[in-house]
>>> print(open('work_6.cif').read())   # mmCIF, C-alpha atoms
data_upload
#
loop_
_atom_site.group_PDB
_atom_site.id
_atom_site.type_symbol
_atom_site.label_atom_id
_atom_site.label_comp_id
_atom_site.auth_asym_id
_atom_site.auth_seq_id
_atom_site.Cartn_x
_atom_site.Cartn_y
_atom_site.Cartn_z
ATOM 1 C CA MET A 1 -25.513 -5.615 7.554
ATOM 2 C CA ILE A 2 -26.358 -3.882 4.284
ATOM 3 C CA ALA A 3 -23.677 -1.241 4.877
ATOM 4 C CA ALA A 4 -21.080 -3.898 5.744
ATOM 5 C CA ALA A 5 -22.068 -5.945 2.693
ATOM 6 C CA THR A 6 -21.696 -2.814 0.558
ATOM 7 C CA VAL A 7 -18.141 -2.304 1.794
ATOM 8 C CA VAL A 8 -17.278 -5.956 1.111
ATOM 9 C CA LEU A 9 -18.793 -5.706 -2.372
ATOM 10 C CA GLY A 10 -16.776 -2.572 -3.050
ATOM 11 C CA LEU A 11 -13.554 -4.266 -1.956
ATOM 12 C CA VAL A 12 -14.293 -7.288 -4.158
ATOM 13 C CA LEU A 13 -14.868 -4.973 -7.130
ATOM 14 C CA LEU A 14 -11.626 -3.131 -6.343
ATOM 15 C CA ILE A 15 -9.499 -6.268 -6.207
ATOM 16 C CA GLY A 16 -11.176 -7.774 -9.262
ATOM 17 C CA GLY A 17 -10.829 -4.525 -11.174
ATOM 18 C CA GLY A 18 -7.175 -4.159 -10.201
ATOM 19 C CA THR A 19 -6.425 -7.707 -11.332
ATOM 20 C CA ALA A 20 -8.238 -7.240 -14.663
ATOM 21 C CA MET A 21 -6.511 -3.907 -15.286
ATOM 22 C CA VAL A 22 -3.065 -5.370 -14.611
ATOM 23 C CA HIS A 23 -3.763 -8.358 -16.875
ATOM 24 C CA GLY A 24 -4.782 -6.055 -19.707
ATOM 25 C CA ALA A 25 -1.941 -3.613 -19.088
ATOM 26 C CA SER A 26 0.683 -6.367 -18.969
ATOM 27 C CA GLN A 27 -0.547 -7.786 -22.278
ATOM 28 C CA ALA A 28 -0.469 -4.309 -23.797
ATOM 29 C CA ALA A 29 3.095 -3.808 -22.543
ATOM 30 C CA ILE A 30 4.209 -7.132 -24.030
ATOM 31 C CA LYS A 31 2.529 -6.254 -27.327
ATOM 32 C CA LEU A 32 4.440 -2.944 -27.347
ATOM 33 C CA GLY A 33 7.720 -4.766 -26.671
ATOM 34 C CA TRP A 34 8.365 -3.354 -23.195
ATOM 35 C CA SER A 35 11.220 -4.908 -21.261
ATOM 36 C CA PRO A 36 10.593 -6.936 -18.081
ATOM 37 C CA VAL A 37 12.286 -4.182 -16.064
ATOM 38 C CA VAL A 38 9.856 -1.514 -17.243
ATOM 39 C CA ILE A 39 6.863 -3.813 -16.792
ATOM 40 C CA GLY A 40 7.986 -4.747 -13.300
ATOM 41 C CA LEU A 41 8.522 -1.157 -12.212
ATOM 42 C CA THR A 42 5.271 0.221 -13.582
ATOM 43 C CA ILE A 43 2.594 -2.442 -13.767
ATOM 44 C CA VAL A 44 3.554 -4.841 -10.959
ATOM 45 C CA GLY A 45 4.260 -1.957 -8.578
ATOM 46 C CA PHE A 46 1.019 -0.169 -9.381
ATOM 47 C CA GLY A 47 -1.124 -3.294 -9.491
ATOM 48 C CA THR A 48 -1.063 -4.199 -5.799
ATOM 49 C CA SER A 49 -1.581 -0.553 -4.721
ATOM 50 C CA ALA A 50 -4.379 0.292 -7.177
ATOM 51 C CA PRO A 51 -7.179 -0.341 -4.608
ATOM 52 C CA GLU A 52 -5.617 2.066 -2.063
ATOM 53 C CA LEU A 53 -5.124 4.705 -4.757
ATOM 54 C CA VAL A 54 -8.642 4.549 -6.187
ATOM 55 C CA VAL A 55 -10.405 4.480 -2.793
ATOM 56 C CA SER A 56 -8.360 7.468 -1.619
ATOM 57 C CA LEU A 57 -8.964 9.481 -4.794
ATOM 58 C CA VAL A 58 -12.721 8.814 -4.652
ATOM 59 C CA ALA A 59 -12.847 9.661 -0.937
ATOM 60 C CA ALA A 60 -10.934 12.902 -1.546
ATOM 61 C CA ALA A 61 -13.259 13.853 -4.393
ATOM 62 C CA GLU A 62 -16.275 13.236 -2.145
ATOM 63 C CA GLY A 63 -14.737 15.209 0.728
ATOM 64 C CA VAL A 64 -14.349 12.224 3.070
ATOM 65 C CA SER A 65 -10.705 12.882 3.820
ATOM 66 C CA GLU A 66 -10.684 10.871 7.062
ATOM 67 C CA ILE A 67 -11.053 7.718 4.958
ATOM 68 C CA VAL A 68 -8.060 8.848 2.845
ATOM 69 C CA PHE A 69 -5.832 9.247 5.889
ATOM 70 C CA GLY A 70 -7.090 6.091 7.574
ATOM 71 C CA ASN A 71 -6.746 4.021 4.408
ATOM 72 C CA VAL A 72 -3.159 5.129 3.697
ATOM 73 C CA ILE A 73 -1.750 4.940 7.223
ATOM 74 C CA GLY A 74 -3.853 1.895 8.102
ATOM 75 C CA SER A 75 -2.620 0.051 5.000
ATOM 76 C CA ASN A 76 0.996 0.803 5.920
ATOM 77 C CA ILE A 77 0.500 -0.572 9.417
ATOM 78 C CA CYS A 78 -1.424 -3.577 8.118
ATOM 79 C CA ASN A 79 1.225 -4.360 5.497
ATOM 80 C CA ILE A 80 3.982 -4.803 8.082
ATOM 81 C CA GLY A 81 2.032 -6.045 11.095
ATOM 82 C CA LEU A 82 -0.490 -8.327 9.411
ATOM 83 C CA VAL A 83 0.869 -9.111 5.937
ATOM 84 C CA LEU A 84 4.514 -9.688 6.900
ATOM 85 C CA GLY A 85 3.431 -11.397 10.108
ATOM 86 C CA LEU A 86 1.322 -13.935 8.234
ATOM 87 C CA ALA A 87 3.968 -14.365 5.514
ATOM 88 C CA ALA A 88 6.624 -15.083 8.163
ATOM 89 C CA LEU A 89 4.414 -17.822 9.617
ATOM 90 C CA LEU A 90 4.457 -19.542 6.229
ATOM 91 C CA ALA A 91 8.237 -19.297 5.832
ATOM 92 C CA PRO A 92 11.064 -17.276 7.449
ATOM 93 C CA LEU A 93 11.773 -14.013 5.615
ATOM 94 C CA GLN A 94 15.211 -12.546 4.958
ATOM 95 C CA ILE A 95 15.690 -8.766 4.892
ATOM 96 C CA HIS A 96 18.304 -7.780 2.307
ATOM 97 C CA ASP A 97 20.782 -4.977 2.933
ATOM 98 C CA GLN A 98 19.604 -2.997 -0.116
ATOM 99 C CA LEU A 99 16.207 -2.651 1.532
ATOM 100 C CA VAL A 100 17.808 -1.222 4.670
ATOM 101 C CA ARG A 101 20.139 1.065 2.734
ATOM 102 C CA ARG A 102 17.594 2.539 0.316
ATOM 103 C CA GLU A 103 13.881 1.730 0.721
ATOM 104 C CA LEU A 104 13.463 1.689 4.517
ATOM 105 C CA PRO A 105 15.270 5.035 5.102
ATOM 106 C CA LEU A 106 13.031 6.648 2.485
ATOM 107 C CA LEU A 107 9.960 5.072 4.099
ATOM 108 C CA LEU A 108 11.018 6.500 7.465
ATOM 109 C CA LEU A 109 11.769 9.896 5.904
ATOM 110 C CA GLY A 110 8.352 9.986 4.248
ATOM 111 C CA SER A 111 6.644 8.935 7.482
ATOM 112 C CA ALA A 112 8.550 11.633 9.401
ATOM 113 C CA ALA A 113 7.448 14.241 6.846
ATOM 114 C CA ILE A 114 3.816 13.137 7.196
ATOM 115 C CA LEU A 115 4.194 13.271 10.990
ATOM 116 C CA VAL A 116 5.399 16.884 10.873
ATOM 117 C CA MET A 117 2.550 17.784 8.512
ATOM 118 C CA ALA A 118 0.093 16.195 10.933
ATOM 119 C CA LEU A 119 1.316 18.413 13.806
ATOM 120 C CA ASP A 120 -0.207 21.655 12.501
ATOM 121 C CA ASP A 121 -2.310 22.105 15.636
ATOM 122 C CA PHE A 122 0.773 21.837 17.876
ATOM 123 C CA LEU A 123 3.144 23.835 15.665
ATOM 124 C CA PHE A 124 0.882 26.499 14.185
ATOM 125 C CA SER A 125 -2.397 26.212 16.152
ATOM 126 C CA THR A 126 -4.296 25.382 12.968
ATOM 127 C CA VAL A 127 -6.429 22.425 11.952
ATOM 128 C CA PRO A 128 -4.019 19.609 10.978
ATOM 129 C CA THR A 129 -4.317 18.850 7.265
ATOM 130 C CA ILE A 130 -2.190 17.646 4.368
ATOM 131 C CA ASN A 131 -2.609 20.512 1.916
ATOM 132 C CA ALA A 132 -1.576 20.935 -1.727
ATOM 133 C CA ILE A 133 1.884 22.366 -0.965
ATOM 134 C CA GLU A 134 2.679 19.557 1.458
ATOM 135 C CA SER A 135 1.370 17.060 -1.110
ATOM 136 C CA ILE A 136 3.830 18.406 -3.687
ATOM 137 C CA ILE A 137 6.678 17.926 -1.191
ATOM 138 C CA LEU A 138 5.698 14.280 -0.714
ATOM 139 C CA LEU A 139 5.440 13.780 -4.476
ATOM 140 C CA LEU A 140 8.963 15.174 -4.874
ATOM 141 C CA LEU A 141 10.183 12.565 -2.392
ATOM 142 C CA PHE A 142 8.420 9.925 -4.483
ATOM 143 C CA ALA A 143 10.161 11.217 -7.601
ATOM 144 C CA GLY A 144 13.448 10.839 -5.730
ATOM 145 C CA PHE A 145 12.523 7.240 -4.914
ATOM 146 C CA LEU A 146 11.834 6.502 -8.591
ATOM 147 C CA TYR A 147 15.176 8.056 -9.538
ATOM 148 C CA MET A 148 17.079 5.980 -6.973
ATOM 149 C CA THR A 149 15.261 2.864 -8.144
ATOM 150 C CA ALA A 150 16.182 3.561 -11.760
ATOM 151 C CA ILE A 151 19.836 4.074 -10.813
ATOM 152 C CA GLY A 152 19.787 0.850 -8.808
ATOM 153 C CA LEU A 153 18.366 -1.048 -11.767
ATOM 154 C CA ARG A 154 21.046 0.303 -14.061
ATOM 155 C CA ASN A 155 23.744 -0.832 -11.671
ATOM 156 C CA THR A 156 22.318 -4.315 -11.081
ATOM 157 C CA ARG A 157 22.987 -6.721 -13.912
ATOM 158 C CA GLN A 158 20.658 -9.428 -12.652
ATOM 159 C CA THR A 159 17.610 -7.177 -12.261
ATOM 160 C CA GLY A 160 16.187 -8.004 -15.676
ATOM 161 C CA SER A 161 16.195 -11.762 -15.132
ATOM 162 C CA ALA A 162 14.958 -11.366 -11.558
ATOM 163 C CA LEU A 163 12.032 -9.211 -12.630
ATOM 164 C CA ARG A 164 11.311 -11.563 -15.511
ATOM 165 C CA SER A 165 11.032 -14.411 -12.983
ATOM 166 C CA ASP A 166 8.750 -12.296 -10.780
ATOM 167 C CA ILE A 167 6.510 -11.495 -13.735
ATOM 168 C CA GLU A 168 6.300 -15.086 -14.936
ATOM 169 C CA HIS A 169 5.236 -16.298 -11.468
ATOM 170 C CA SER A 170 3.109 -13.313 -10.484
ATOM 171 C CA HIS A 171 -0.543 -14.032 -9.762
ATOM 172 C CA ILE A 172 -1.562 -10.617 -11.139
ATOM 173 C CA MET A 173 0.418 -10.645 -14.390
ATOM 174 C CA ASP A 174 -0.516 -12.218 -17.719
ATOM 175 C CA THR A 175 2.522 -13.011 -19.829
ATOM 176 C CA ALA A 176 0.742 -15.145 -22.419
ATOM 177 C CA THR A 177 0.635 -14.088 -26.055
ATOM 178 C CA PRO A 178 -1.416 -10.866 -26.062
ATOM 179 C CA SER A 179 -4.963 -11.252 -27.309
ATOM 180 C CA ASN A 180 -6.660 -8.712 -29.516
ATOM 181 C CA TYR A 181 -9.022 -7.871 -26.669
ATOM 182 C CA TRP A 182 -6.448 -6.708 -24.108
ATOM 183 C CA TRP A 183 -7.901 -3.201 -24.301
ATOM 184 C CA LEU A 184 -11.327 -4.520 -23.295
ATOM 185 C CA THR A 185 -9.875 -6.280 -20.241
ATOM 186 C CA MET A 186 -8.001 -3.131 -19.282
ATOM 187 C CA ALA A 187 -11.052 -0.900 -19.734
ATOM 188 C CA ALA A 188 -13.221 -3.286 -17.710
ATOM 189 C CA GLY A 189 -10.584 -3.245 -14.967
ATOM 190 C CA PHE A 190 -10.607 0.557 -14.781
ATOM 191 C CA ALA A 191 -14.400 0.601 -14.694
ATOM 192 C CA LEU A 192 -14.535 -1.969 -11.891
ATOM 193 C CA LEU A 193 -11.842 -0.100 -9.950
ATOM 194 C CA PHE A 194 -13.704 3.189 -9.909
ATOM 195 C CA LEU A 195 -17.071 1.539 -9.326
ATOM 196 C CA GLY A 196 -15.518 -0.396 -6.444
ATOM 197 C CA GLY A 197 -13.960 2.781 -5.068
ATOM 198 C CA LYS A 198 -17.310 4.586 -5.132
ATOM 199 C CA VAL A 199 -19.177 1.683 -3.518
ATOM 200 C CA THR A 200 -16.465 1.208 -0.859
ATOM 201 C CA VAL A 201 -16.379 4.871 0.149
ATOM 202 C CA ASP A 202 -20.170 5.245 0.276
ATOM 203 C CA GLY A 203 -20.530 1.994 2.214
ATOM 204 C CA SER A 204 -17.760 3.013 4.637
ATOM 205 C CA VAL A 205 -19.421 6.352 5.383
ATOM 206 C CA ALA A 206 -22.764 4.634 6.000
ATOM 207 C CA LEU A 207 -21.137 1.963 8.184
ATOM 208 C CA ALA A 208 -19.322 4.577 10.266
ATOM 209 C CA GLU A 209 -22.558 6.488 10.867
ATOM 210 C CA LEU A 210 -24.463 3.344 11.854
ATOM 211 C CA LEU A 211 -21.709 2.176 14.237
ATOM 212 C CA GLY A 212 -21.237 5.643 15.700
ATOM 213 C CA VAL A 213 -17.497 5.730 14.970
ATOM 214 C CA SER A 214 -15.408 8.064 12.846
ATOM 215 C CA SER A 215 -14.774 7.376 9.176
ATOM 216 C CA ALA A 216 -11.069 7.213 10.062
ATOM 217 C CA ILE A 217 -11.655 4.054 12.127
ATOM 218 C CA ILE A 218 -13.423 2.379 9.219
ATOM 219 C CA GLY A 219 -10.592 3.481 6.947
ATOM 220 C CA LEU A 220 -7.936 2.165 9.336
ATOM 221 C CA PHE A 221 -9.352 -1.281 10.023
ATOM 222 C CA VAL A 222 -11.882 -2.152 7.326
ATOM 223 C CA VAL A 223 -10.901 -0.400 4.128
ATOM 224 C CA ALA A 224 -7.158 -0.618 4.843
ATOM 225 C CA VAL A 225 -7.239 -4.363 5.467
ATOM 226 C CA GLY A 226 -9.394 -4.933 2.402
ATOM 227 C CA THR A 227 -7.199 -2.895 0.082
ATOM 228 C CA SER A 228 -4.106 -4.657 1.478
ATOM 229 C CA LEU A 229 -5.323 -8.078 0.337
ATOM 230 C CA PRO A 230 -3.298 -7.925 -2.939
ATOM 231 C CA GLU A 231 -0.134 -7.335 -0.907
ATOM 232 C CA LEU A 232 -1.093 -10.208 1.383
ATOM 233 C CA VAL A 233 -1.528 -12.625 -1.524
ATOM 234 C CA THR A 234 1.683 -11.462 -3.236
ATOM 235 C CA SER A 235 3.797 -11.739 -0.082
ATOM 236 C CA ALA A 236 2.266 -15.065 0.965
ATOM 237 C CA VAL A 237 2.907 -16.625 -2.452
ATOM 238 C CA ALA A 238 6.457 -15.235 -2.493
ATOM 239 C CA ALA A 239 7.133 -16.582 1.009
ATOM 240 C CA MET A 240 5.938 -20.074 0.063
ATOM 241 C CA ARG A 241 8.189 -19.969 -3.021
ATOM 242 C CA GLY A 242 11.141 -19.007 -0.822
ATOM 243 C CA GLU A 243 11.442 -15.540 -2.416
ATOM 244 C CA SER A 244 11.604 -13.518 0.774
ATOM 245 C CA ASP A 245 13.136 -10.520 -0.997
ATOM 246 C CA LEU A 246 9.970 -10.198 -3.077
ATOM 247 C CA ALA A 247 7.731 -10.757 -0.029
ATOM 248 C CA VAL A 248 9.389 -8.017 2.050
ATOM 249 C CA GLY A 249 10.151 -5.713 -0.878
ATOM 250 C CA ASN A 250 6.514 -5.826 -2.000
ATOM 251 C CA VAL A 251 5.367 -4.576 1.395
ATOM 252 C CA VAL A 252 7.973 -1.821 1.776
ATOM 253 C CA GLY A 253 7.467 -0.657 -1.807
ATOM 254 C CA SER A 254 3.705 -0.543 -1.309
ATOM 255 C CA ASN A 255 4.128 1.513 1.866
ATOM 256 C CA ILE A 256 6.332 4.019 0.063
ATOM 257 C CA PHE A 257 3.787 4.228 -2.763
ATOM 258 C CA ASN A 258 0.959 4.784 -0.256
ATOM 259 C CA GLY A 259 2.677 7.518 1.731
ATOM 260 C CA LEU A 260 4.476 9.348 -1.063
ATOM 261 C CA PHE A 261 1.984 8.983 -3.916
ATOM 262 C CA VAL A 262 -1.513 7.900 -2.818
ATOM 263 C CA LEU A 263 -1.743 10.386 0.073
ATOM 264 C CA PRO A 264 -0.377 13.448 -1.802
ATOM 265 C CA ALA A 265 -2.327 12.614 -4.977
ATOM 266 C CA SER A 266 -5.472 12.739 -2.844
ATOM 267 C CA GLY A 267 -4.207 15.914 -1.162
ATOM 268 C CA LEU A 268 -4.046 17.654 -4.546
ATOM 269 C CA ILE A 269 -7.778 16.987 -5.004
ATOM 270 C CA SER A 270 -8.749 18.292 -1.571
ATOM 271 C CA ASN A 271 -7.020 18.883 1.751
ATOM 272 C CA VAL A 272 -6.671 15.660 3.740
ATOM 273 C CA ASP A 273 -7.726 16.280 7.339
ATOM 274 C CA VAL A 274 -5.751 14.474 10.022
ATOM 275 C CA PRO A 275 -8.325 12.753 12.271
ATOM 276 C CA GLU A 276 -8.179 12.536 16.031
ATOM 277 C CA GLY A 277 -5.498 10.015 16.913
ATOM 278 C CA GLY A 278 -3.902 10.401 13.481
ATOM 279 C CA VAL A 279 -0.536 11.428 14.904
ATOM 280 C CA ALA A 280 -0.437 8.242 16.992
ATOM 281 C CA ASP A 281 -1.290 6.220 13.878
ATOM 282 C CA VAL A 282 1.673 7.715 12.002
ATOM 283 C CA LEU A 283 3.944 7.006 14.971
ATOM 284 C CA VAL A 284 2.803 3.372 14.991
ATOM 285 C CA SER A 285 3.525 3.040 11.266
ATOM 286 C CA MET A 286 7.008 4.476 11.880
ATOM 287 C CA ALA A 287 7.541 2.075 14.789
ATOM 288 C CA PHE A 288 6.789 -0.903 12.543
ATOM 289 C CA ALA A 289 9.289 0.357 9.946
ATOM 290 C CA ILE A 290 11.929 0.899 12.651
ATOM 291 C CA LEU A 291 11.239 -2.649 13.836
ATOM 292 C CA LEU A 292 12.246 -3.970 10.409
ATOM 293 C CA VAL A 293 15.529 -2.063 10.616
ATOM 294 C CA SER A 294 16.105 -3.454 14.119
ATOM 295 C CA VAL A 295 15.451 -6.990 12.886
ATOM 296 C CA PHE A 296 18.132 -6.516 10.239
ATOM 297 C CA TYR A 297 20.801 -5.572 12.786
ATOM 298 C CA LEU A 298 19.721 -7.569 15.836
ATOM 299 C CA CYS A 299 18.171 -10.751 14.397
ATOM 300 C CA LYS A 300 20.580 -11.546 11.559
ATOM 301 C CA ALA A 301 18.201 -9.887 9.072
ATOM 302 C CA ARG A 302 15.703 -12.714 9.534
ATOM 303 C CA ILE A 303 11.981 -12.534 10.306
ATOM 304 C CA GLY A 304 11.271 -15.979 11.721
ATOM 305 C CA ARG A 305 7.990 -17.468 12.855
ATOM 306 C CA VAL A 306 8.437 -16.128 16.394
ATOM 307 C CA MET A 307 8.905 -12.617 15.010
ATOM 308 C CA GLY A 308 5.904 -13.204 12.756
ATOM 309 C CA VAL A 309 3.747 -13.993 15.788
ATOM 310 C CA MET A 310 5.078 -10.863 17.521
ATOM 311 C CA LEU A 311 4.151 -8.721 14.511
ATOM 312 C CA LEU A 312 0.633 -10.163 14.524
ATOM 313 C CA LEU A 313 0.269 -9.594 18.279
ATOM 314 C CA CYS A 314 1.481 -6.006 17.912
ATOM 315 C CA TYR A 315 -1.025 -5.392 15.132
ATOM 316 C CA ALA A 316 -3.859 -6.988 17.129
ATOM 317 C CA SER A 317 -2.949 -4.930 20.220
ATOM 318 C CA TYR A 318 -2.845 -1.707 18.212
ATOM 319 C CA THR A 319 -6.240 -2.542 16.691
ATOM 320 C CA LEU A 320 -7.871 -3.179 20.081
ATOM 321 C CA ILE A 321 -6.392 -0.047 21.677
ATOM 322 C CA ARG A 322 -7.291 2.191 18.741
ATOM 323 C CA ILE A 323 -10.869 0.956 18.467
ATOM 324 C CA SER A 324 -11.479 1.101 22.227
ATOM 325 C CA ASN A 325 -10.374 4.742 22.287
#
>>> encode(input="work_6.cif", output="structure tokens")
Amino acid sequence: MIAAATVVLGLVLLIGGGTAMVHGASQAAIKLGWSPVVIGLTIVGFGTSAPELVVSLVAAAEGVSEIVFGNVIGSNICNIGLVLGLAALLAPLQIHDQLVRRELPLLLLGSAAILVMALDDFLFSTVPTINAIESIILLLLFAGFLYMTAIGLRNTRQTGSALRSDIEHSHIMDTATPSNYWWLTMAAGFALLFLGGKVTVDGSVALAELLGVSSAIIGLFVVAVGTSLPELVTSAVAAMRGESDLAVGNVVGSNIFNGLFVLPASGLISNVDVPEGGVADVLVSMAFAILLVSVFYLCKARIGRVMGVMLLLCYASYTLIRISN
């Protein structure tokens, strides 16, 4: 109970720290005169993925790489199966063609690259890990994503007003007149983030030992779900406001950030070992992404409540099978 409570406390600190950091950072950006486009790309995008990033960096620094892998891949599965499933129950979601043309192919490409990297034991008869060189490759893919995003913004006239609307209604942004203490809020957010990351990782290791399961399982189904709560709130609020593009885009963007930035950033600190069953986890994450593409072409690009229930059932089935094995 103490170990479980420690993990919960760590997750609460992570989410609270991420929210405080984004509030302070958004006020700083407004004070510096940043445009809504720049704020949206940097602060909003980073804000919902800050818990995954900090937990993974702390776990890598402490040599608990199974939590890194489980957190990243587990969050990607949770984002589509659980987050989008619940959001679709609140209101039908529409998948826009830009997502299928640009973001989803890159998500699948990144997942395929991670899959190949996880097959070291089959391809080279070595222990499967994500090493520094492979991490650099993933980071280069992420740089390509940022470049494509920047080009897309330049070619879309309505992006500025759309992002401004997202910022004004975002639960994690603070667009009020900047106070003189924005730096204190931002510093407190960073402190809470790293304290939460430390507490979460230590609690997860203790919980795994007490339950007699691998750290990867705790990363996949405890830490991953906890760190995905910001995405859940963002997508749920967007769905209720009828902004399905934000609800779906938030999830896909977070998954790209997890696979192409969080994982390789951790891999630069220390090699990320692929746990037993890790290849199957990557395949499941790819299957969920492929499902979104299939919905676009076969279901008139609409995730209705029936599809939402199916996503939730798929996630629940995966959870039961993975834990029982």
>>> residues_around(input="work_6.cif", residues="stretch 99-101 of chain A", least_positions_apart="4", cutoff="9 Å", atoms="only C-alpha atoms", output="mmCIF file with C-alpha atoms, in the frame of the given file")
data_model
loop_
_atom_site.group_PDB
_atom_site.id
_atom_site.type_symbol
_atom_site.label_atom_id
_atom_site.label_comp_id
_atom_site.auth_asym_id
_atom_site.auth_seq_id
_atom_site.Cartn_x
_atom_site.Cartn_y
_atom_site.Cartn_z
ATOM 1 C CA ILE A 95 15.690 -8.766 4.892
ATOM 2 C CA PRO A 105 15.270 5.035 5.102
ATOM 3 C CA ASP A 245 13.136 -10.520 -0.997
ATOM 4 C CA VAL A 248 9.389 -8.017 2.050
ATOM 5 C CA GLY A 249 10.151 -5.713 -0.878
ATOM 6 C CA VAL A 252 7.973 -1.821 1.776
ATOM 7 C CA LEU A 292 12.246 -3.970 10.409
ATOM 8 C CA VAL A 293 15.529 -2.063 10.616
ATOM 9 C CA PHE A 296 18.132 -6.516 10.239
#
>>> atom_distance(input="work_6.cif", atom1="atom CA of A:Ile256", atom2="atom CA of A:Leu107")
5.5 Å
>>> residues_near_point(input="work_6.cif", point="(-3.3, 15.2, 19.0)", cutoff="9 Å", atoms="all atoms listed in the file", output="MDAnalysis selection string")
chainID A and resid 118:119 121:122 275:280
>>> resolve_selection(input="work_6.cif", expression="the PyMOL selection byres ((chain A and resi 195) around 12)", output="MDAnalysis selection string")
chainID A and resid 6:7 9:18 51 54:55 58 188:194 196:202
>>> write_last_selection(input="work_6.cif", atoms="C-alpha atoms", output="short mmCIF file (atom, residue, chain, number, x, y, z; two decimals), keeping the file's coordinate frame")
data_model
loop_
_atom_site.label_atom_id
_atom_site.label_comp_id
_atom_site.auth_asym_id
_atom_site.auth_seq_id
_atom_site.Cartn_x
_atom_site.Cartn_y
_atom_site.Cartn_z
CA THR A 6 -21.70 -2.81 0.56
CA VAL A 7 -18.14 -2.30 1.79
CA LEU A 9 -18.79 -5.71 -2.37
CA GLY A 10 -16.78 -2.57 -3.05
CA LEU A 11 -13.55 -4.27 -1.96
CA VAL A 12 -14.29 -7.29 -4.16
CA LEU A 13 -14.87 -4.97 -7.13
CA LEU A 14 -11.63 -3.13 -6.34
CA ILE A 15 -9.50 -6.27 -6.21
CA GLY A 16 -11.18 -7.77 -9.26
CA GLY A 17 -10.83 -4.53 -11.17
CA GLY A 18 -7.18 -4.16 -10.20
CA PRO A 51 -7.18 -0.34 -4.61
CA VAL A 54 -8.64 4.55 -6.19
CA VAL A 55 -10.40 4.48 -2.79
CA VAL A 58 -12.72 8.81 -4.65
CA ALA A 188 -13.22 -3.29 -17.71
CA GLY A 189 -10.58 -3.24 -14.97
CA PHE A 190 -10.61 0.56 -14.78
CA ALA A 191 -14.40 0.60 -14.69
CA LEU A 192 -14.54 -1.97 -11.89
CA LEU A 193 -11.84 -0.10 -9.95
CA PHE A 194 -13.70 3.19 -9.91
CA GLY A 196 -15.52 -0.40 -6.44
CA GLY A 197 -13.96 2.78 -5.07
CA LYS A 198 -17.31 4.59 -5.13
CA VAL A 199 -19.18 1.68 -3.52
CA THR A 200 -16.46 1.21 -0.86
CA VAL A 201 -16.38 4.87 0.15
CA ASP A 202 -20.17 5.24 0.28
#
>>> resolve_selection(input="work_6.cif", expression="the PyMOL selection byres ((chain A and resi 263-269) around 7)", output="short mmCIF file (atom, residue, chain, number, x, y, z; two decimals) with C-alpha atoms, keeping the file's coordinate frame")
data_model
loop_
_atom_site.label_atom_id
_atom_site.label_comp_id
_atom_site.auth_asym_id
_atom_site.auth_seq_id
_atom_site.Cartn_x
_atom_site.Cartn_y
_atom_site.Cartn_z
CA SER A 56 -8.36 7.47 -1.62
CA LEU A 57 -8.96 9.48 -4.79
CA ALA A 60 -10.93 12.90 -1.55
CA ALA A 61 -13.26 13.85 -4.39
CA VAL A 72 -3.16 5.13 3.70
CA ILE A 130 -2.19 17.65 4.37
CA ASN A 131 -2.61 20.51 1.92
CA ALA A 132 -1.58 20.94 -1.73
CA SER A 135 1.37 17.06 -1.11
CA ILE A 136 3.83 18.41 -3.69
CA LEU A 138 5.70 14.28 -0.71
CA LEU A 139 5.44 13.78 -4.48
CA ASN A 258 0.96 4.78 -0.26
CA GLY A 259 2.68 7.52 1.73
CA LEU A 260 4.48 9.35 -1.06
CA PHE A 261 1.98 8.98 -3.92
CA VAL A 262 -1.51 7.90 -2.82
CA SER A 270 -8.75 18.29 -1.57
CA ASN A 271 -7.02 18.88 1.75
CA VAL A 272 -6.67 15.66 3.74
#
>>> residues_around(input="work_6.cif", residues="A:Ala289", least_positions_apart="3", cutoff="10 Å", atoms="all atoms listed in the file", output="list in words")
Asn76, Ile77, Ile80, Gly81, Leu104, Pro105, Leu107, Leu108, Ser111, Val252, Asn255, Leu283, Val284, Ser285, Met286, Leu292, Val293 and Ser294 of chain A
>>> residues_around(input="work_6.cif", residues="A:Asp120", least_positions_apart="4", cutoff="12 Å", atoms="only C-alpha atoms", output="PDB file with C-alpha atoms, in the coordinates of the input")
ATOM      1  CA  ILE A 114       3.816  13.137   7.196  1.00  0.00           C
ATOM      2  CA  LEU A 115       4.194  13.271  10.990  1.00  0.00           C
ATOM      3  CA  VAL A 116       5.399  16.884  10.873  1.00  0.00           C
ATOM      4  CA  PHE A 124       0.882  26.499  14.185  1.00  0.00           C
ATOM      5  CA  SER A 125      -2.397  26.212  16.152  1.00  0.00           C
ATOM      6  CA  THR A 126      -4.296  25.382  12.968  1.00  0.00           C
ATOM      7  CA  VAL A 127      -6.429  22.425  11.952  1.00  0.00           C
ATOM      8  CA  PRO A 128      -4.019  19.609  10.978  1.00  0.00           C
ATOM      9  CA  THR A 129      -4.317  18.850   7.265  1.00  0.00           C
ATOM     10  CA  ILE A 130      -2.190  17.646   4.368  1.00  0.00           C
ATOM     11  CA  ASN A 131      -2.609  20.512   1.916  1.00  0.00           C
ATOM     12  CA  GLU A 134       2.679  19.557   1.458  1.00  0.00           C
ATOM     13  CA  ASP A 273      -7.726  16.280   7.339  1.00  0.00           C
ATOM     14  CA  VAL A 274      -5.751  14.474  10.022  1.00  0.00           C
ATOM     15  CA  GLY A 278      -3.902  10.401  13.481  1.00  0.00           C
ATOM     16  CA  VAL A 279      -0.536  11.428  14.904  1.00  0.00           C
TER      17      VAL A 279
END
>>> residues_around(input="work_6.cif", residues="stretch 311-317 of chain A", least_positions_apart="4", cutoff="7 Å", atoms="all atoms listed in the file", output="JSON, numbers by chain")
{"A": [81, 82, 85, 307, 321]}
>>> write_last_selection(input="work_6.cif", atoms="C-alpha atoms", output="short mmCIF file (atom, residue, chain, number, x, y, z; two decimals), in the frame of the given file")
data_model
loop_
_atom_site.label_atom_id
_atom_site.label_comp_id
_atom_site.auth_asym_id
_atom_site.auth_seq_id
_atom_site.Cartn_x
_atom_site.Cartn_y
_atom_site.Cartn_z
CA GLY A 81 2.03 -6.04 11.10
CA LEU A 82 -0.49 -8.33 9.41
CA GLY A 85 3.43 -11.40 10.11
CA MET A 307 8.90 -12.62 15.01
CA ILE A 321 -6.39 -0.05 21.68
#
